[in-house]
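Here's input18.cif, which has mmCIF, N, CA and C atoms:
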data_data
loop_
_atom_site.label_atom_id
_atom_site.label_comp_id
_atom_site.auth_asym_id
_atom_site.auth_seq_id
_atom_site.Cartn_x
_atom_site.Cartn_y
_atom_site.Cartn_z
N MET A 1 0.84 -1.17 0.00
CA MET A 1 0.00 0.00 0.00
C MET A 1 0.89 1.24 0.00
N LYS A 2 0.55 2.22 -0.81
CA LYS A 2 1.34 3.43 -0.95
C LYS A 2 1.15 4.34 0.26
N ARG A 3 2.19 4.95 0.73
CA ARG A 3 2.14 5.82 1.89
C ARG A 3 1.65 7.21 1.47
N GLN A 4 0.64 7.72 2.15
CA GLN A 4 0.08 9.04 1.85
C GLN A 4 0.87 10.10 2.61
N VAL A 5 1.22 11.17 1.92
CA VAL A 5 1.99 12.25 2.54
C VAL A 5 1.30 13.57 2.25
N VAL A 6 1.17 14.42 3.27
CA VAL A 6 0.56 15.73 3.07
C VAL A 6 1.46 16.60 2.24
N SER A 7 2.72 16.70 2.61
CA SER A 7 3.66 17.50 1.83
C SER A 7 5.06 16.96 2.02
N GLN A 8 5.83 16.97 0.95
CA GLN A 8 7.20 16.48 1.01
C GLN A 8 8.08 17.44 1.79
N GLN A 9 8.02 18.73 1.45
CA GLN A 9 8.81 19.73 2.14
C GLN A 9 7.87 20.83 2.58
N PRO A 10 7.93 21.20 3.86
CA PRO A 10 7.04 22.23 4.33
C PRO A 10 7.32 23.57 3.65
N ALA A 11 6.27 24.16 3.09
CA ALA A 11 6.37 25.50 2.53
C ALA A 11 6.15 26.50 3.66
N ALA A 12 6.29 27.77 3.36
CA ALA A 12 6.05 28.78 4.38
C ALA A 12 4.62 28.61 4.89
N GLY A 13 4.47 28.52 6.21
CA GLY A 13 3.16 28.36 6.82
C GLY A 13 2.64 26.94 6.83
N ALA A 14 3.41 25.99 6.31
CA ALA A 14 2.98 24.59 6.29
C ALA A 14 3.33 23.92 7.61
N PRO A 15 2.70 22.78 7.90
CA PRO A 15 2.99 22.08 9.14
C PRO A 15 4.47 21.71 9.25
N LYS A 16 5.00 21.73 10.48
CA LYS A 16 6.40 21.38 10.72
C LYS A 16 6.64 19.88 10.53
N MET A 17 5.73 19.06 11.03
CA MET A 17 5.93 17.61 10.96
C MET A 17 5.25 17.06 9.71
N GLN A 18 5.80 15.98 9.22
CA GLN A 18 5.22 15.30 8.07
C GLN A 18 4.12 14.37 8.57
N ILE A 19 2.90 14.58 8.10
CA ILE A 19 1.77 13.78 8.55
C ILE A 19 1.39 12.81 7.44
N THR A 20 1.40 11.52 7.78
CA THR A 20 1.03 10.48 6.84
C THR A 20 -0.13 9.68 7.42
N LYS A 21 -0.61 8.71 6.66
CA LYS A 21 -1.69 7.86 7.15
C LYS A 21 -1.26 7.06 8.37
N ASP A 22 0.05 6.86 8.54
CA ASP A 22 0.57 6.07 9.65
C ASP A 22 0.91 6.90 10.88
N THR A 23 0.78 8.21 10.79
CA THR A 23 1.07 9.09 11.93
C THR A 23 0.05 8.84 13.03
N ARG A 24 0.51 8.69 14.24
CA ARG A 24 -0.40 8.52 15.38
C ARG A 24 -1.01 9.88 15.72
N VAL A 25 -2.28 9.86 16.03
CA VAL A 25 -2.98 11.09 16.40
C VAL A 25 -2.30 11.72 17.62
N SER A 26 -1.77 10.90 18.50
CA SER A 26 -1.09 11.42 19.70
C SER A 26 0.12 12.28 19.32
N ALA A 27 0.83 11.92 18.24
CA ALA A 27 1.98 12.71 17.80
C ALA A 27 1.52 14.08 17.31
N ILE A 28 0.38 14.13 16.64
CA ILE A 28 -0.17 15.41 16.17
C ILE A 28 -0.56 16.27 17.37
N LEU A 29 -1.20 15.65 18.37
CA LEU A 29 -1.60 16.39 19.57
C LEU A 29 -0.39 16.90 20.34
N GLU A 30 0.67 16.11 20.40
CA GLU A 30 1.90 16.55 21.08
C GLU A 30 2.51 17.75 20.37
N GLU A 31 2.49 17.74 19.05
CA GLU A 31 3.12 18.79 18.26
C GLU A 31 2.27 20.06 18.21
N TYR A 32 0.95 19.91 18.08
CA TYR A 32 0.08 21.06 17.82
C TYR A 32 -0.96 21.33 18.89
N GLY A 33 -1.09 20.46 19.88
CA GLY A 33 -2.12 20.64 20.90
C GLY A 33 -3.47 20.12 20.42
N ASP A 34 -4.50 20.40 21.19
CA ASP A 34 -5.84 19.92 20.87
C ASP A 34 -6.40 20.73 19.71
N ILE A 35 -6.61 20.09 18.57
CA ILE A 35 -7.12 20.78 17.38
C ILE A 35 -8.57 20.41 17.09
N ALA A 36 -9.25 19.79 18.06
CA ALA A 36 -10.63 19.33 17.84
C ALA A 36 -11.55 20.48 17.49
N ASP A 37 -11.39 21.63 18.15
CA ASP A 37 -12.27 22.76 17.85
C ASP A 37 -12.08 23.24 16.42
N VAL A 38 -10.85 23.20 15.93
CA VAL A 38 -10.57 23.63 14.56
C VAL A 38 -11.06 22.58 13.57
N MET A 39 -10.91 21.30 13.90
CA MET A 39 -11.37 20.23 13.01
C MET A 39 -12.88 20.33 12.81
N GLU A 40 -13.61 20.77 13.84
CA GLU A 40 -15.06 20.91 13.72
C GLU A 40 -15.44 21.93 12.65
N VAL A 41 -14.63 22.96 12.51
CA VAL A 41 -14.88 23.98 11.48
C VAL A 41 -14.89 23.33 10.10
N PHE A 42 -14.09 22.29 9.93
CA PHE A 42 -13.99 21.61 8.64
C PHE A 42 -14.89 20.37 8.56
N GLY A 43 -15.82 20.23 9.52
CA GLY A 43 -16.82 19.18 9.44
C GLY A 43 -16.49 17.88 10.14
N ILE A 44 -15.42 17.82 10.91
CA ILE A 44 -15.07 16.60 11.65
C ILE A 44 -15.52 16.79 13.09
N LYS A 45 -16.49 15.99 13.53
CA LYS A 45 -17.01 16.13 14.88
C LYS A 45 -16.00 15.60 15.88
N ARG A 46 -15.92 16.27 17.02
CA ARG A 46 -14.97 15.87 18.05
C ARG A 46 -15.45 14.64 18.81
N VAL A 47 -14.50 13.85 19.28
CA VAL A 47 -14.79 12.74 20.17
C VAL A 47 -15.13 13.36 21.51
N ARG A 48 -16.12 12.85 22.17
CA ARG A 48 -16.72 13.43 23.38
C ARG A 48 -15.81 14.29 24.25
N ARG A 49 -15.05 13.69 25.12
CA ARG A 49 -14.25 14.45 26.09
C ARG A 49 -12.78 14.43 25.71
N TYR A 50 -12.08 15.46 26.18
CA TYR A 50 -10.64 15.58 25.91
C TYR A 50 -9.90 14.35 26.43
N SER A 51 -10.24 13.88 27.62
CA SER A 51 -9.53 12.72 28.20
C SER A 51 -9.74 11.48 27.33
N LEU A 52 -10.93 11.32 26.79
CA LEU A 52 -11.20 10.18 25.90
C LEU A 52 -10.43 10.33 24.59
N ARG A 53 -10.36 11.56 24.06
CA ARG A 53 -9.59 11.81 22.83
C ARG A 53 -8.13 11.46 23.06
N MET A 54 -7.58 11.86 24.20
CA MET A 54 -6.17 11.60 24.49
C MET A 54 -5.90 10.10 24.62
N LEU A 55 -6.80 9.39 25.26
CA LEU A 55 -6.64 7.94 25.41
C LEU A 55 -6.69 7.25 24.05
N ALA A 56 -7.68 7.59 23.24
CA ALA A 56 -7.81 6.98 21.92
C ALA A 56 -6.66 7.38 21.01
N ALA A 57 -6.17 8.59 21.15
CA ALA A 57 -5.11 9.11 20.27
C ALA A 57 -3.83 8.29 20.35
N LYS A 58 -3.60 7.66 21.48
CA LYS A 58 -2.37 6.87 21.65
C LYS A 58 -2.35 5.65 20.73
N ALA A 59 -3.51 5.13 20.40
CA ALA A 59 -3.58 3.92 19.59
C ALA A 59 -4.01 4.17 18.15
N VAL A 60 -4.62 5.32 17.88
CA VAL A 60 -5.23 5.57 16.57
C VAL A 60 -4.27 6.29 15.64
N THR A 61 -4.19 5.78 14.41
CA THR A 61 -3.41 6.44 13.36
C THR A 61 -4.34 7.37 12.60
N VAL A 62 -3.77 8.22 11.78
CA VAL A 62 -4.55 9.13 10.94
C VAL A 62 -5.49 8.32 10.04
N GLU A 63 -5.00 7.21 9.49
CA GLU A 63 -5.83 6.38 8.63
C GLU A 63 -7.07 5.89 9.37
N TRP A 64 -6.89 5.40 10.60
CA TRP A 64 -8.03 4.90 11.37
C TRP A 64 -8.94 6.03 11.81
N ALA A 65 -8.38 7.19 12.12
CA ALA A 65 -9.21 8.34 12.47
C ALA A 65 -10.11 8.71 11.30
N ALA A 66 -9.57 8.67 10.09
CA ALA A 66 -10.36 8.96 8.90
C ALA A 66 -11.50 7.94 8.75
N ARG A 67 -11.19 6.67 8.99
CA ARG A 67 -12.23 5.64 8.90
C ARG A 67 -13.30 5.84 9.96
N ILE A 68 -12.88 6.14 11.19
CA ILE A 68 -13.82 6.35 12.29
C ILE A 68 -14.78 7.50 11.97
N HIS A 69 -14.25 8.56 11.37
CA HIS A 69 -15.06 9.73 11.04
C HIS A 69 -15.74 9.61 9.67
N ARG A 70 -15.49 8.48 8.98
CA ARG A 70 -16.08 8.20 7.67
C ARG A 70 -15.77 9.29 6.65
N VAL A 71 -14.48 9.65 6.61
CA VAL A 71 -13.99 10.65 5.67
C VAL A 71 -12.89 9.99 4.84
N PRO A 72 -12.89 10.17 3.52
CA PRO A 72 -11.81 9.60 2.71
C PRO A 72 -10.44 10.09 3.21
N LEU A 73 -9.45 9.20 3.18
CA LEU A 73 -8.14 9.48 3.75
C LEU A 73 -7.51 10.76 3.21
N ASN A 74 -7.48 10.92 1.89
CA ASN A 74 -6.85 12.13 1.34
C ASN A 74 -7.56 13.40 1.78
N GLU A 75 -8.89 13.34 1.87
CA GLU A 75 -9.65 14.49 2.36
C GLU A 75 -9.34 14.76 3.83
N PHE A 76 -9.22 13.69 4.62
CA PHE A 76 -8.91 13.83 6.05
C PHE A 76 -7.52 14.45 6.23
N LEU A 77 -6.55 14.00 5.43
CA LEU A 77 -5.20 14.57 5.50
C LEU A 77 -5.23 16.06 5.16
N ASP A 78 -6.02 16.44 4.17
CA ASP A 78 -6.16 17.84 3.80
C ASP A 78 -6.81 18.64 4.92
N ILE A 79 -7.83 18.08 5.55
CA ILE A 79 -8.50 18.75 6.67
C ILE A 79 -7.52 18.94 7.82
N LEU A 80 -6.73 17.93 8.11
CA LEU A 80 -5.72 18.04 9.17
C LEU A 80 -4.74 19.17 8.88
N GLU A 81 -4.26 19.23 7.65
CA GLU A 81 -3.30 20.26 7.27
C GLU A 81 -3.91 21.65 7.46
N ARG A 82 -5.17 21.81 7.01
CA ARG A 82 -5.83 23.11 7.15
C ARG A 82 -6.09 23.45 8.61
N ALA A 83 -6.50 22.47 9.40
CA ALA A 83 -6.78 22.70 10.82
C ALA A 83 -5.51 23.11 11.57
N ILE A 84 -4.40 22.45 11.26
CA ILE A 84 -3.13 22.78 11.90
C ILE A 84 -2.70 24.19 11.51
N GLY A 85 -2.85 24.52 10.23
CA GLY A 85 -2.52 25.87 9.77
C GLY A 85 -3.36 26.92 10.45
N LYS A 86 -4.66 26.65 10.59
CA LYS A 86 -5.57 27.60 11.24
C LYS A 86 -5.22 27.75 12.72
N LYS A 87 -4.91 26.65 13.38
CA LYS A 87 -4.54 26.67 14.80
C LYS A 87 -3.26 27.50 14.98
N ARG A 88 -2.29 27.30 14.09
CA ARG A 88 -1.03 28.04 14.17
C ARG A 88 -1.29 29.53 13.95
N ASP A 89 -2.16 29.86 12.99
CA ASP A 89 -2.49 31.26 12.73
C ASP A 89 -3.15 31.90 13.94
N GLN A 90 -4.04 31.16 14.61
CA GLN A 90 -4.70 31.68 15.81
C GLN A 90 -3.69 31.93 16.91
N LYS A 91 -2.74 30.99 17.06
CA LYS A 91 -1.72 31.12 18.11
C LYS A 91 -0.82 32.33 17.82
N GLU A 92 -0.46 32.53 16.56
CA GLU A 92 0.41 33.66 16.20
C GLU A 92 -0.32 34.99 16.38
N ALA A 93 -1.62 35.01 16.16
CA ALA A 93 -2.40 36.24 16.33
C ALA A 93 -2.48 36.66 17.79
N VAL A 94 -2.44 35.68 18.70
CA VAL A 94 -2.49 35.96 20.13
C VAL A 94 -1.15 36.47 20.64
N THR A 95 -0.06 35.95 20.09
CA THR A 95 1.27 36.33 20.60
C THR A 95 1.81 37.55 19.95
#

Rewrite the coordinates I just gave you, this time as structure tokens.
Amino acid sequence: MKRQVVSQQPAAGAPKMQITKDTRVSAILEEYGDIADVMEVFGIKRVRRYSLRMLAAKAVTVEWAARIHRVPLNEFLDILERAIGKKRDQKEAVT
């Protein structure tokens, strides 16, 4: 199976880490914090409580998260990229 990649080299404003279908959701949360509120803007409903999201994130890959939310993998990767960019923009606007 071919490995899905959001971007080969980060462009200006692009995510720092390379996110693939095999990336654990916990790694994304460690790098960018809780992005559930931003993901909702793009149509991905949040898992109930933060503690439950953190527990599930340790075992769930991006591919499985896409399946759980019934979103095609490439679309889910795109949503993640946009959510991370939006979260970063919000953080920069505050500082």

Hits of the PyMOL selection byres (((chain A and resi 59 and name CA) around 8) and name CA) in this structure, as a ChimeraX atom specification: /A:24-26,55-58,60-61

Point-to-point distance from atom N of Leu77 in chain A to CA of Val62 in chain A, Å rounded to tenths: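 Atom-to-atom, atom N of Leu77 in chain A to CA of Val62 in chain A, that is 7.6 Å.
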
Between atom N of Thr23 in chain A and atom N of Glu63 in chain A, distance in Å (one decimal):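 According to the coordinates, atom N of Thr23 in chain A and atom N of Glu63 in chain A are separated by 6.0 Å.
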
Point-to-point distance from atom C of Arg88 in chain A to CA of Lys16 in chain A, Å rounded to tenths: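 Spanning atom C of Arg88 in chain A to CA of Lys16 in chain A is a straight-line distance of 11.7 Å.
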
Of the listed residues A:Lys91, A:Trp64, A:Ala27, A:Asp34, that which approaches Phe76 in chain A most closely, counting only C-alpha atoms: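 Selected residue with least distance to Phe76 in chain A: A:Trp64.
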
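For the choices A:Val94, A:Asp22, A:Met39, A:Glu30, the atom-to-atom distance to Glu81 in chain A is smallest for A:Met39 when using only C-alpha atoms.
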